[in-house]
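Dumped coords_34.cif below, it's mmCIF, C-alpha atoms and all ligand atoms:
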```cif
data_upload
loop_
_atom_site.group_PDB
_atom_site.id
_atom_site.type_symbol
_atom_site.label_atom_id
_atom_site.label_comp_id
_atom_site.auth_asym_id
_atom_site.auth_seq_id
_atom_site.Cartn_x
_atom_site.Cartn_y
_atom_site.Cartn_z
ATOM 1 C CA MET Z 1 75.009 37.504 -0.404
ATOM 2 C CA VAL Z 2 78.718 37.622 0.361
ATOM 3 C CA GLN Z 3 80.421 37.785 -3.017
ATOM 4 C CA LEU Z 4 83.954 39.066 -2.574
ATOM 5 C CA LEU Z 5 85.279 42.009 -4.508
ATOM 6 C CA ASP Z 6 88.334 41.799 -6.706
ATOM 7 C CA SER Z 7 90.231 43.923 -4.160
ATOM 8 C CA ASP Z 8 89.580 41.311 -1.393
ATOM 9 C CA ILE Z 9 91.314 38.542 -3.345
ATOM 10 C CA ARG Z 10 95.078 37.925 -3.534
ATOM 11 C CA THR Z 11 95.178 34.363 -4.885
ATOM 12 C CA ARG Z 12 94.311 35.524 -8.360
ATOM 13 C CA ASP Z 13 94.202 32.190 -10.217
ATOM 14 C CA VAL Z 14 90.734 31.375 -8.777
ATOM 15 C CA LEU Z 15 89.324 34.243 -10.831
ATOM 16 C CA GLY Z 16 89.860 32.062 -13.917
ATOM 17 C CA TRP Z 17 88.028 28.983 -12.549
ATOM 18 C CA LYS Z 18 85.005 28.053 -14.665
ATOM 19 C CA ASP Z 19 81.841 26.288 -13.415
ATOM 20 C CA VAL Z 20 81.286 25.330 -9.764
ATOM 21 C CA HIS Z 21 84.285 24.851 -7.437
ATOM 22 C CA VAL Z 22 84.117 24.295 -3.698
ATOM 23 C CA LEU Z 23 86.964 24.688 -1.199
ATOM 24 C CA HIS Z 24 85.986 22.602 1.794
ATOM 25 C CA PHE Z 25 87.021 20.089 4.461
ATOM 26 C CA ALA Z 26 85.508 16.635 5.009
ATOM 27 C CA GLY Z 27 84.927 17.056 8.750
ATOM 28 C CA SER Z 28 83.699 20.681 8.697
ATOM 29 C CA SER Z 29 80.039 21.064 9.583
ATOM 30 C CA CYS Z 30 79.524 24.052 7.261
ATOM 31 C CA SER Z 31 81.150 22.142 4.411
ATOM 32 C CA GLN Z 32 78.959 19.117 5.125
ATOM 33 C CA LYS Z 33 75.879 21.307 4.975
ATOM 34 C CA LEU Z 34 76.903 22.637 1.563
ATOM 35 C CA ARG Z 35 77.829 19.182 0.247
ATOM 36 C CA VAL Z 36 74.466 17.706 1.306
ATOM 37 C CA TYR Z 37 72.783 20.631 -0.466
ATOM 38 C CA LEU Z 38 74.830 20.029 -3.641
ATOM 39 C CA ASN Z 39 74.003 16.301 -3.487
ATOM 40 C CA LEU Z 40 70.275 16.989 -3.201
ATOM 41 C CA LYS Z 41 70.362 19.513 -6.037
ATOM 42 C CA GLY Z 42 72.508 17.288 -8.266
ATOM 43 C CA ILE Z 43 74.827 20.220 -9.058
ATOM 44 C CA PRO Z 44 78.172 19.038 -10.490
ATOM 45 C CA TRP Z 45 81.134 20.609 -8.648
ATOM 46 C CA GLN Z 46 84.892 20.382 -8.434
ATOM 47 C CA SER Z 47 86.425 19.647 -5.075
ATOM 48 C CA HIS Z 48 89.377 21.523 -3.518
ATOM 49 C CA PRO Z 49 90.043 20.071 -0.063
ATOM 50 C CA VAL Z 50 91.483 22.395 2.593
ATOM 51 C CA ASP Z 51 93.031 20.564 5.547
ATOM 52 C CA LEU Z 52 91.759 22.343 8.683
ATOM 53 C CA PRO Z 53 93.608 20.172 11.259
ATOM 54 C CA LYS Z 54 96.829 21.107 9.406
ATOM 55 C CA ASN Z 55 95.726 24.784 9.458
ATOM 56 C CA GLU Z 56 95.881 25.098 5.684
ATOM 57 C CA ASN Z 57 93.092 27.647 6.001
ATOM 58 C CA MET Z 58 95.486 29.916 7.890
ATOM 59 C CA GLN Z 59 98.077 29.941 5.119
ATOM 60 C CA PRO Z 60 98.485 32.921 2.787
ATOM 61 C CA TRP Z 61 97.205 31.106 -0.341
ATOM 62 C CA PHE Z 62 93.859 30.292 1.290
ATOM 63 C CA LEU Z 63 93.539 33.679 3.001
ATOM 64 C CA GLY Z 64 94.162 35.083 -0.475
ATOM 65 C CA ILE Z 65 90.865 33.437 -1.518
ATOM 66 C CA ASN Z 66 88.834 33.915 1.673
ATOM 67 C CA PRO Z 67 90.301 36.693 3.858
ATOM 68 C CA ARG Z 68 88.150 35.292 6.700
ATOM 69 C CA GLY Z 69 90.070 31.996 6.538
ATOM 70 C CA LEU Z 70 86.954 29.822 6.765
ATOM 71 C CA VAL Z 71 85.510 27.005 4.696
ATOM 72 C CA PRO Z 72 83.445 26.471 2.670
ATOM 73 C CA VAL Z 73 84.176 28.808 -0.232
ATOM 74 C CA LEU Z 74 82.362 28.673 -3.555
ATOM 75 C CA VAL Z 75 83.999 29.848 -6.768
ATOM 76 C CA HIS Z 76 81.403 30.037 -9.531
ATOM 77 C CA ASP Z 77 82.675 31.144 -12.926
ATOM 78 C CA GLY Z 78 85.472 33.112 -11.252
ATOM 79 C CA ALA Z 79 83.239 34.821 -8.656
ATOM 80 C CA VAL Z 80 84.210 34.044 -5.047
ATOM 81 C CA HIS Z 81 81.410 33.535 -2.506
ATOM 82 C CA ILE Z 82 81.888 32.924 1.219
ATOM 83 C CA GLU Z 83 79.550 32.055 4.130
ATOM 84 C CA SER Z 84 77.832 28.688 3.737
ATOM 85 C CA ASN Z 85 74.285 29.991 4.076
ATOM 86 C CA ASP Z 86 74.856 32.800 1.586
ATOM 87 C CA ILE Z 87 76.419 30.299 -0.807
ATOM 88 C CA ILE Z 88 73.342 28.055 -0.532
ATOM 89 C CA GLN Z 89 70.958 30.956 -1.123
ATOM 90 C CA TYR Z 90 73.035 32.085 -4.106
ATOM 91 C CA LEU Z 91 73.028 28.576 -5.605
ATOM 92 C CA GLU Z 92 69.272 28.308 -5.043
ATOM 93 C CA ARG Z 93 68.816 31.337 -7.292
ATOM 94 C CA LYS Z 94 71.193 29.975 -9.950
ATOM 95 C CA PHE Z 95 69.935 26.366 -9.836
ATOM 96 C CA PRO Z 96 66.261 26.592 -8.818
ATOM 97 C CA ALA Z 97 65.259 22.933 -9.268
ATOM 98 C CA PRO Z 98 64.549 20.970 -7.168
ATOM 99 C CA ARG Z 99 63.473 23.723 -4.794
ATOM 100 C CA LEU Z 100 64.975 23.592 -1.316
ATOM 101 C CA ILE Z 101 63.825 27.092 -0.330
ATOM 102 C CA PRO Z 102 60.056 27.259 -0.872
ATOM 103 C CA GLU Z 103 58.881 29.964 -3.280
ATOM 104 C CA GLY Z 104 57.936 33.118 -1.392
ATOM 105 C CA TYR Z 105 59.840 32.152 1.768
ATOM 106 C CA GLN Z 106 63.276 33.498 0.790
ATOM 107 C CA THR Z 107 63.332 36.300 3.394
ATOM 108 C CA GLU Z 108 62.040 34.088 6.207
ATOM 109 C CA VAL Z 109 64.544 31.346 5.380
ATOM 110 C CA ALA Z 110 67.398 33.874 5.243
ATOM 111 C CA ALA Z 111 66.548 35.036 8.780
ATOM 112 C CA LEU Z 112 66.266 31.458 10.070
ATOM 113 C CA LEU Z 113 69.611 30.530 8.506
ATOM 114 C CA LYS Z 114 71.213 33.608 10.051
ATOM 115 C CA HIS Z 115 69.912 32.446 13.438
ATOM 116 C CA GLU Z 116 71.447 29.005 12.820
ATOM 117 C CA ASP Z 117 74.789 30.583 11.864
ATOM 118 C CA ASP Z 118 74.779 32.669 15.065
ATOM 119 C CA LEU Z 119 75.172 29.383 16.993
ATOM 120 C CA HIS Z 120 78.200 28.275 15.025
ATOM 121 C CA LEU Z 121 80.793 29.164 17.668
ATOM 122 C CA ASP Z 122 78.719 27.271 20.248
ATOM 123 C CA LEU Z 123 78.836 24.234 17.992
ATOM 124 C CA ARG Z 124 82.582 24.702 17.623
ATOM 125 C CA THR Z 125 83.014 24.913 21.402
ATOM 126 C CA LEU Z 126 81.163 21.628 21.932
ATOM 127 C CA SER Z 127 82.956 19.975 19.006
ATOM 128 C CA PHE Z 128 86.400 20.869 20.327
ATOM 129 C CA ARG Z 129 85.498 19.923 23.871
ATOM 130 C CA PHE Z 130 83.756 16.595 23.236
ATOM 131 C CA VAL Z 131 84.469 15.378 19.684
ATOM 132 C CA PHE Z 132 87.937 16.536 18.611
ATOM 133 C CA ALA Z 133 89.344 17.130 22.136
ATOM 134 C CA PRO Z 134 92.849 18.154 21.006
ATOM 135 C CA PRO Z 135 95.469 17.706 23.731
ATOM 136 C CA GLY Z 136 97.008 21.205 23.278
ATOM 137 C CA PRO Z 137 95.850 24.568 21.920
ATOM 138 C CA PRO Z 138 93.600 23.873 18.924
ATOM 139 C CA LYS Z 139 95.508 26.441 16.843
ATOM 140 C CA PRO Z 140 99.258 26.635 17.484
ATOM 141 C CA ALA Z 141 100.722 30.135 17.888
ATOM 142 C CA ALA Z 142 102.523 29.978 14.502
ATOM 143 C CA ALA Z 143 99.281 29.146 12.677
ATOM 144 C CA LEU Z 144 97.494 32.005 14.434
ATOM 145 C CA GLU Z 145 100.271 34.422 13.534
ATOM 146 C CA SER Z 146 99.996 33.381 9.910
ATOM 147 C CA TYR Z 147 96.218 33.856 10.138
ATOM 148 C CA ILE Z 148 96.533 37.333 11.655
ATOM 149 C CA ALA Z 149 99.079 38.420 9.028
ATOM 150 C CA GLY Z 150 97.571 36.784 5.928
ATOM 151 C CA GLY Z 151 95.064 37.984 3.341
ATOM 152 C CA THR Z 152 93.705 41.437 2.674
ATOM 153 C CA GLY Z 153 91.642 41.405 5.893
ATOM 154 C CA THR Z 154 88.737 42.884 3.927
ATOM 155 C CA VAL Z 155 85.365 41.509 2.889
ATOM 156 C CA ARG Z 156 83.531 43.433 0.183
ATOM 157 C CA GLY Z 157 86.168 46.139 0.524
ATOM 158 C CA ALA Z 158 85.622 46.815 4.246
ATOM 159 C CA VAL Z 159 87.790 45.750 7.204
ATOM 160 C CA ASP Z 160 86.420 42.391 8.288
ATOM 161 C CA HIS Z 161 85.369 42.264 11.951
ATOM 162 C CA GLU Z 162 84.493 38.585 11.665
ATOM 163 C CA LYS Z 163 88.197 37.771 11.386
ATOM 164 C CA GLN Z 164 88.794 39.453 14.749
ATOM 165 C CA ILE Z 165 86.037 37.316 16.311
ATOM 166 C CA GLN Z 166 87.792 34.209 15.004
ATOM 167 C CA ILE Z 167 91.180 35.372 16.344
ATOM 168 C CA GLU Z 168 89.707 36.027 19.781
ATOM 169 C CA PHE Z 169 87.977 32.629 19.784
ATOM 170 C CA TRP Z 170 91.248 30.768 19.151
ATOM 171 C CA GLN Z 171 93.284 32.962 21.537
ATOM 172 C CA ARG Z 172 90.793 32.313 24.314
ATOM 173 C CA ALA Z 173 90.812 28.572 23.545
ATOM 174 C CA ALA Z 174 94.624 28.542 23.787
ATOM 175 C CA LYS Z 175 94.455 30.307 27.143
ATOM 176 C CA GLU Z 176 91.636 28.527 28.931
ATOM 177 C CA GLY Z 177 90.601 25.575 26.736
ATOM 178 C CA PHE Z 178 86.885 24.791 26.463
ATOM 179 C CA THR Z 179 85.774 25.012 30.075
ATOM 180 C CA ASP Z 180 82.771 23.326 31.694
ATOM 181 C CA GLU Z 181 81.142 26.724 32.049
ATOM 182 C CA ARG Z 182 81.451 27.564 28.350
ATOM 183 C CA ALA Z 183 80.395 24.078 27.282
ATOM 184 C CA ARG Z 184 77.339 24.214 29.548
ATOM 185 C CA ALA Z 185 76.287 27.633 28.232
ATOM 186 C CA SER Z 186 76.581 26.424 24.629
ATOM 187 C CA ALA Z 187 74.732 23.169 25.327
ATOM 188 C CA LEU Z 188 71.862 25.079 26.984
ATOM 189 C CA LYS Z 189 71.433 27.271 23.908
ATOM 190 C CA PHE Z 190 71.072 24.174 21.757
ATOM 191 C CA ARG Z 191 68.637 22.631 24.221
ATOM 192 C CA ALA Z 192 66.327 25.631 23.839
ATOM 193 C CA GLU Z 193 66.593 25.447 20.036
ATOM 194 C CA PHE Z 194 65.953 21.724 19.854
ATOM 195 C CA ASP Z 195 63.037 21.957 22.308
ATOM 196 C CA ALA Z 196 61.368 24.317 19.828
ATOM 197 C CA LEU Z 197 62.245 22.153 16.825
ATOM 198 C CA ASP Z 198 60.928 19.066 18.626
ATOM 199 C CA LYS Z 199 57.524 20.722 19.005
ATOM 200 C CA LYS Z 200 57.472 21.481 15.274
ATOM 201 C CA LEU Z 201 58.518 17.979 14.312
ATOM 202 C CA ALA Z 202 55.777 16.487 16.501
ATOM 203 C CA ARG Z 203 53.290 18.047 14.059
ATOM 204 C CA GLN Z 204 55.046 17.862 10.684
ATOM 205 C CA PRO Z 205 57.633 15.691 8.904
ATOM 206 C CA TYR Z 206 60.087 18.499 8.039
ATOM 207 C CA LEU Z 207 61.013 21.825 9.611
ATOM 208 C CA MET Z 208 59.109 23.856 7.028
ATOM 209 C CA GLY Z 209 56.121 21.506 6.768
ATOM 210 C CA GLU Z 210 55.571 18.758 4.261
ATOM 211 C CA SER Z 211 58.776 19.052 2.227
ATOM 212 C CA LEU Z 212 62.473 18.935 2.845
ATOM 213 C CA SER Z 213 64.217 22.331 2.839
ATOM 214 C CA VAL Z 214 67.609 23.898 3.527
ATOM 215 C CA LEU Z 215 66.568 24.268 7.173
ATOM 216 C CA ASP Z 216 66.432 20.486 7.531
ATOM 217 C CA ILE Z 217 69.921 20.262 6.072
ATOM 218 C CA ALA Z 218 71.337 22.963 8.339
ATOM 219 C CA TRP Z 219 69.817 21.626 11.567
ATOM 220 C CA LEU Z 220 70.543 17.986 10.759
ATOM 221 C CA ILE Z 221 74.216 18.875 10.434
ATOM 222 C CA TYR Z 222 74.141 20.537 13.867
ATOM 223 C CA ALA Z 223 72.176 17.647 15.385
ATOM 224 C CA HIS Z 224 74.572 15.151 13.899
ATOM 225 C CA ARG Z 225 77.672 16.871 15.273
ATOM 226 C CA LEU Z 226 76.027 17.254 18.662
ATOM 227 C CA SER Z 227 75.109 13.582 18.775
ATOM 228 C CA LEU Z 228 78.778 12.773 18.140
ATOM 229 C CA ALA Z 229 79.503 15.034 21.113
ATOM 230 C CA GLY Z 230 77.182 12.894 23.241
ATOM 231 C CA TYR Z 231 74.075 15.110 23.221
ATOM 232 C CA PRO Z 232 71.172 12.859 24.289
ATOM 233 C CA PHE Z 233 68.687 13.522 21.478
ATOM 234 C CA ALA Z 234 66.642 10.323 21.871
ATOM 235 C CA ARG Z 235 65.951 11.163 25.519
ATOM 236 C CA LEU Z 236 65.496 14.952 25.311
ATOM 237 C CA HIS Z 237 64.013 15.494 21.860
ATOM 238 C CA PRO Z 238 62.470 12.244 20.523
ATOM 239 C CA HIS Z 239 60.892 13.854 17.451
ATOM 240 C CA VAL Z 240 64.192 15.480 16.472
ATOM 241 C CA HIS Z 241 65.870 12.105 16.967
ATOM 242 C CA ALA Z 242 63.380 10.307 14.662
ATOM 243 C CA TRP Z 243 63.660 13.079 12.029
ATOM 244 C CA ALA Z 244 67.479 12.929 12.175
ATOM 245 C CA GLU Z 245 67.490 9.141 11.733
ATOM 246 C CA LYS Z 246 65.174 9.498 8.724
ATOM 247 C CA LEU Z 247 67.395 12.134 7.089
ATOM 248 C CA ARG Z 248 70.626 10.279 7.851
ATOM 249 C CA ALA Z 249 69.220 7.272 5.961
ATOM 250 C CA MET Z 250 68.838 9.308 2.739
ATOM 251 C CA PRO Z 251 71.808 8.686 0.407
ATOM 252 C CA GLU Z 252 72.441 12.439 -0.084
ATOM 253 C CA PHE Z 253 72.946 12.806 3.686
ATOM 254 C CA ALA Z 254 74.462 9.365 4.390
ATOM 255 C CA LYS Z 255 77.341 10.135 2.051
ATOM 256 C CA GLU Z 256 78.363 13.105 4.211
ATOM 257 C CA VAL Z 257 77.414 12.166 7.754
ATOM 258 C CA GLY Z 258 77.972 8.390 7.656
ATOM 259 C CA GLN Z 259 81.722 8.712 7.255
ATOM 260 C CA LEU Z 260 82.223 11.055 10.169
ATOM 261 C CA ARG Z 261 80.022 8.906 12.366
ATOM 262 C CA HIS Z 262 82.224 5.894 11.680
ATOM 263 C CA LYS Z 263 85.432 7.831 12.310
ATOM 264 C CA ALA Z 264 84.203 9.385 15.526
ATOM 265 C CA ALA Z 265 82.929 6.059 16.821
ATOM 266 C CA ALA Z 266 86.427 4.633 16.410
ATOM 267 C CA HIS Z 267 87.943 7.367 18.577
ATOM 268 C CA ASP Z 268 85.084 8.030 20.890
ATOM 269 C CA PRO Z 269 86.127 6.323 24.148
ATOM 270 C CA ALA Z 270 89.651 7.782 24.078
ATOM 271 C CA ARG Z 271 88.469 11.264 23.158
ATOM 272 C CA ARG Z 272 85.711 11.304 25.717
ATOM 273 C CA ALA Z 273 88.168 10.197 28.380
ATOM 274 C CA GLU Z 274 90.540 12.977 27.311
ATOM 275 C CA ALA Z 275 87.728 15.485 27.488
ATOM 276 C CA GLY Z 276 87.155 14.424 31.087
ATOM 277 C CA LYS Z 277 83.407 14.388 31.475
ATOM 278 C CA THR Z 278 80.542 13.712 29.118
ATOM 279 C CA LEU Z 279 78.408 16.476 27.634
ATOM 280 C CA GLU Z 280 75.451 15.165 29.636
ATOM 281 C CA ALA Z 281 77.387 15.492 32.905
ATOM 282 C CA VAL Z 282 78.835 18.921 32.087
ATOM 283 C CA ALA Z 283 75.523 20.373 30.900
ATOM 284 C CA GLY Z 284 73.478 18.682 33.603
ATOM 285 C CA PHE Z 285 71.143 17.042 31.062
HETATM 286 N N1 LIG Z 301 79.673 31.445 9.139
HETATM 287 C C1 LIG Z 301 80.608 30.633 8.424
HETATM 288 C C2 LIG Z 301 81.316 29.727 9.385
HETATM 289 C C3 LIG Z 301 82.400 28.970 8.677
HETATM 290 C C4 LIG Z 301 83.293 28.222 9.641
HETATM 291 O O1 LIG Z 301 83.435 28.580 10.827
HETATM 292 N N2 LIG Z 301 83.907 27.184 9.102
HETATM 293 C C5 LIG Z 301 84.775 26.386 9.921
HETATM 294 C C6 LIG Z 301 84.580 24.922 9.607
HETATM 295 S S1 LIG Z 301 82.926 24.402 9.964
HETATM 296 C C7 LIG Z 301 86.215 26.737 9.645
HETATM 297 O O2 LIG Z 301 86.579 27.049 8.533
HETATM 298 N N3 LIG Z 301 87.018 26.742 10.705
HETATM 299 C C8 LIG Z 301 88.368 27.126 10.616
HETATM 300 C C9 LIG Z 301 89.260 26.378 11.528
HETATM 301 O O3 LIG Z 301 88.822 25.418 12.159
HETATM 302 O O4 LIG Z 301 90.422 26.755 11.578
HETATM 303 C C10 LIG Z 301 79.901 29.829 7.342
HETATM 304 O O5 LIG Z 301 78.728 29.486 7.543
HETATM 305 O O6 LIG Z 301 80.499 29.562 6.297
#
```

Go ahead and express the file in the form of structure tokens.
Amino acid sequence: MVQLLDSDIRTRDVLGWKDVHVLHFAGSSCSQKLRVYLNLKGIPWQSHPVDLPKNENMQPWFLGINPRGLVPVLVHDGAVHIESNDIIQYLERKFPAPRLIPEGYQTEVAALLKHEDDLHLDLRTLSFRFVFAPPGPPKPAAALESYIAGGTGTVRGAVDHEKQIQIEFWQRAAKEGFTDERARASALKFRAEFDALDKKLARQPYLMGESLSVLDIAWLIYAHRLSLAGYPFARLHPHVHAWAEKLRAMPEFAKEVGQLRHKAAAHDPARRAEAGKTLEAVAGF
């Protein structure tokens, strides 16, 4: 659980927020994952959009809430929680019904979610290369400077190394873009993951067996983003493809992933052309 300490937080007004508040961005995969979870649980929440393309997350007010500068953030009765998977596990304890982490599987699910989160920068690499494809550096120097300078730089009272990882990611992107080599390496990691998930889904309807769980939410969000990037699910992982289509048709998912699908489709040809080659060509799939 990553609940921030009072000393991590500079934007003090959030400490007075009652009930469930979420700081998030429409097109952020981690925010989508949390919103699908909230939809399925039927938890009422108040929305605070943070505009990532405008780098609002790198401004002092947001870094004063999450020193890591990432969305989503949950504020529940004045307590600030960061990290999407920790937020979901926290909410599961506070709002147990309907269950999306099966009883007795909390530790196993935590490890599996951690594994999913470890691939987040690979997802970001493929998103920026094939979906967003910005013409210049994804984070302008001024935004990065504001990011480096802003916030306490601590999480739970300790210097936050995760922030340094983020800084290095954006500095490298500004220098070399998202090269074929990096994109290929990231795509191959996902291929190994989805090969394994495909085997599971050949035998069972959901990733944990007979019922929907947070793992289905987390991996559907990845699969959805990757399909926008041009990852050939139907050809490489037919069971994952069928499972994803089934989930996308559920209203709690459709609300979050339908919109982005429409938007990306509108820009797809231009963005793909800008990106140069397709994911299939770059990864050799
Ligand atoms: N491990 C974090 C990752 C959060 C993350 O990287 N969020 C992205 C959006 S999906 C973000 O805030 N990116 C900042 C940016 O693009 O400037 C979590 O699961 O919450």

Just the residues within 12 Å of Ser127 of chain Z, please, counting all atoms listed in the file, with nothing from its chain fewer than 5 positions along; format it as a short mmCIF file (atom, residue, chain, number, x, y, z; two decimals) with C-alpha atoms, in the frame of the given file.
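File produced: part.cif:
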```cif
data_model
loop_
_atom_site.label_atom_id
_atom_site.label_comp_id
_atom_site.auth_asym_id
_atom_site.auth_seq_id
_atom_site.Cartn_x
_atom_site.Cartn_y
_atom_site.Cartn_z
CA GLY Z 27 84.93 17.06 8.75
CA SER Z 28 83.70 20.68 8.70
CA SER Z 29 80.04 21.06 9.58
CA HIS Z 120 78.20 28.28 15.02
CA LEU Z 121 80.79 29.16 17.67
CA ASP Z 122 78.72 27.27 20.25
CA PHE Z 132 87.94 16.54 18.61
CA ALA Z 133 89.34 17.13 22.14
CA PRO Z 134 92.85 18.15 21.01
CA PRO Z 138 93.60 23.87 18.92
CA PHE Z 178 86.88 24.79 26.46
CA ALA Z 183 80.40 24.08 27.28
CA SER Z 186 76.58 26.42 24.63
CA ALA Z 187 74.73 23.17 25.33
CA TYR Z 222 74.14 20.54 13.87
CA ALA Z 223 72.18 17.65 15.38
CA HIS Z 224 74.57 15.15 13.90
CA ARG Z 225 77.67 16.87 15.27
CA LEU Z 226 76.03 17.25 18.66
CA SER Z 227 75.11 13.58 18.77
CA LEU Z 228 78.78 12.77 18.14
CA ALA Z 229 79.50 15.03 21.11
CA GLY Z 230 77.18 12.89 23.24
CA TYR Z 231 74.08 15.11 23.22
CA ALA Z 264 84.20 9.38 15.53
CA ARG Z 271 88.47 11.26 23.16
CA ARG Z 272 85.71 11.30 25.72
CA ALA Z 275 87.73 15.48 27.49
CA LEU Z 279 78.41 16.48 27.63
#
```

May I have a table of the residues of chain Z lying at most 6 Å from ligand LIG 301 (chain Z), giving each one's closest pair of atoms and their distance in Å to one decimal, counting only C-alpha atoms and all ligand atoms, ordered by chain and ascending residue number, as a Markdown table?
```
| residue | atom | partner | partner_atom | distance |
| --- | --- | --- | --- | --- |
| Z:Ser28 | CA | Z:LIG301 | S1 | 4.0 |
| Z:Ser29 | CA | Z:LIG301 | S1 | 4.4 |
| Z:Cys30 | CA | Z:LIG301 | S1 | 4.4 |
| Z:Leu52 | CA | Z:LIG301 | O4 | 5.4 |
| Z:Leu70 | CA | Z:LIG301 | O2 | 3.3 |
| Z:Val71 | CA | Z:LIG301 | O2 | 4.0 |
| Z:Pro72 | CA | Z:LIG301 | O6 | 5.6 |
| Z:Glu83 | CA | Z:LIG301 | O6 | 3.4 |
| Z:Ser84 | CA | Z:LIG301 | O6 | 3.8 |
| Z:Asn85 | CA | Z:LIG301 | O5 | 5.7 |
| Z:Asp117 | CA | Z:LIG301 | N1 | 5.7 |
```

Which is closest to His237 of chain Z among Z:Asp77, Z:Asp195, Z:Asp86, Z:Glu145, if we use only C-alpha atoms?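 Under the stated criterion, the closest residue is Z:Asp195.
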
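Between Leu100 of chain Z and the candidates Z:Leu201, Z:Ile217, Z:Ile167, Z:Met58, the tightest atom-to-atom separation, counting all atoms listed in the file, involves Z:Ile217.
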
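Among the candidate residues Z:Gly64, Z:Lys277, Z:Arg182, Z:Asp160, the one lying nearest to Leu123 of chain Z is Z:Arg182, with distances computed using only C-alpha atoms.
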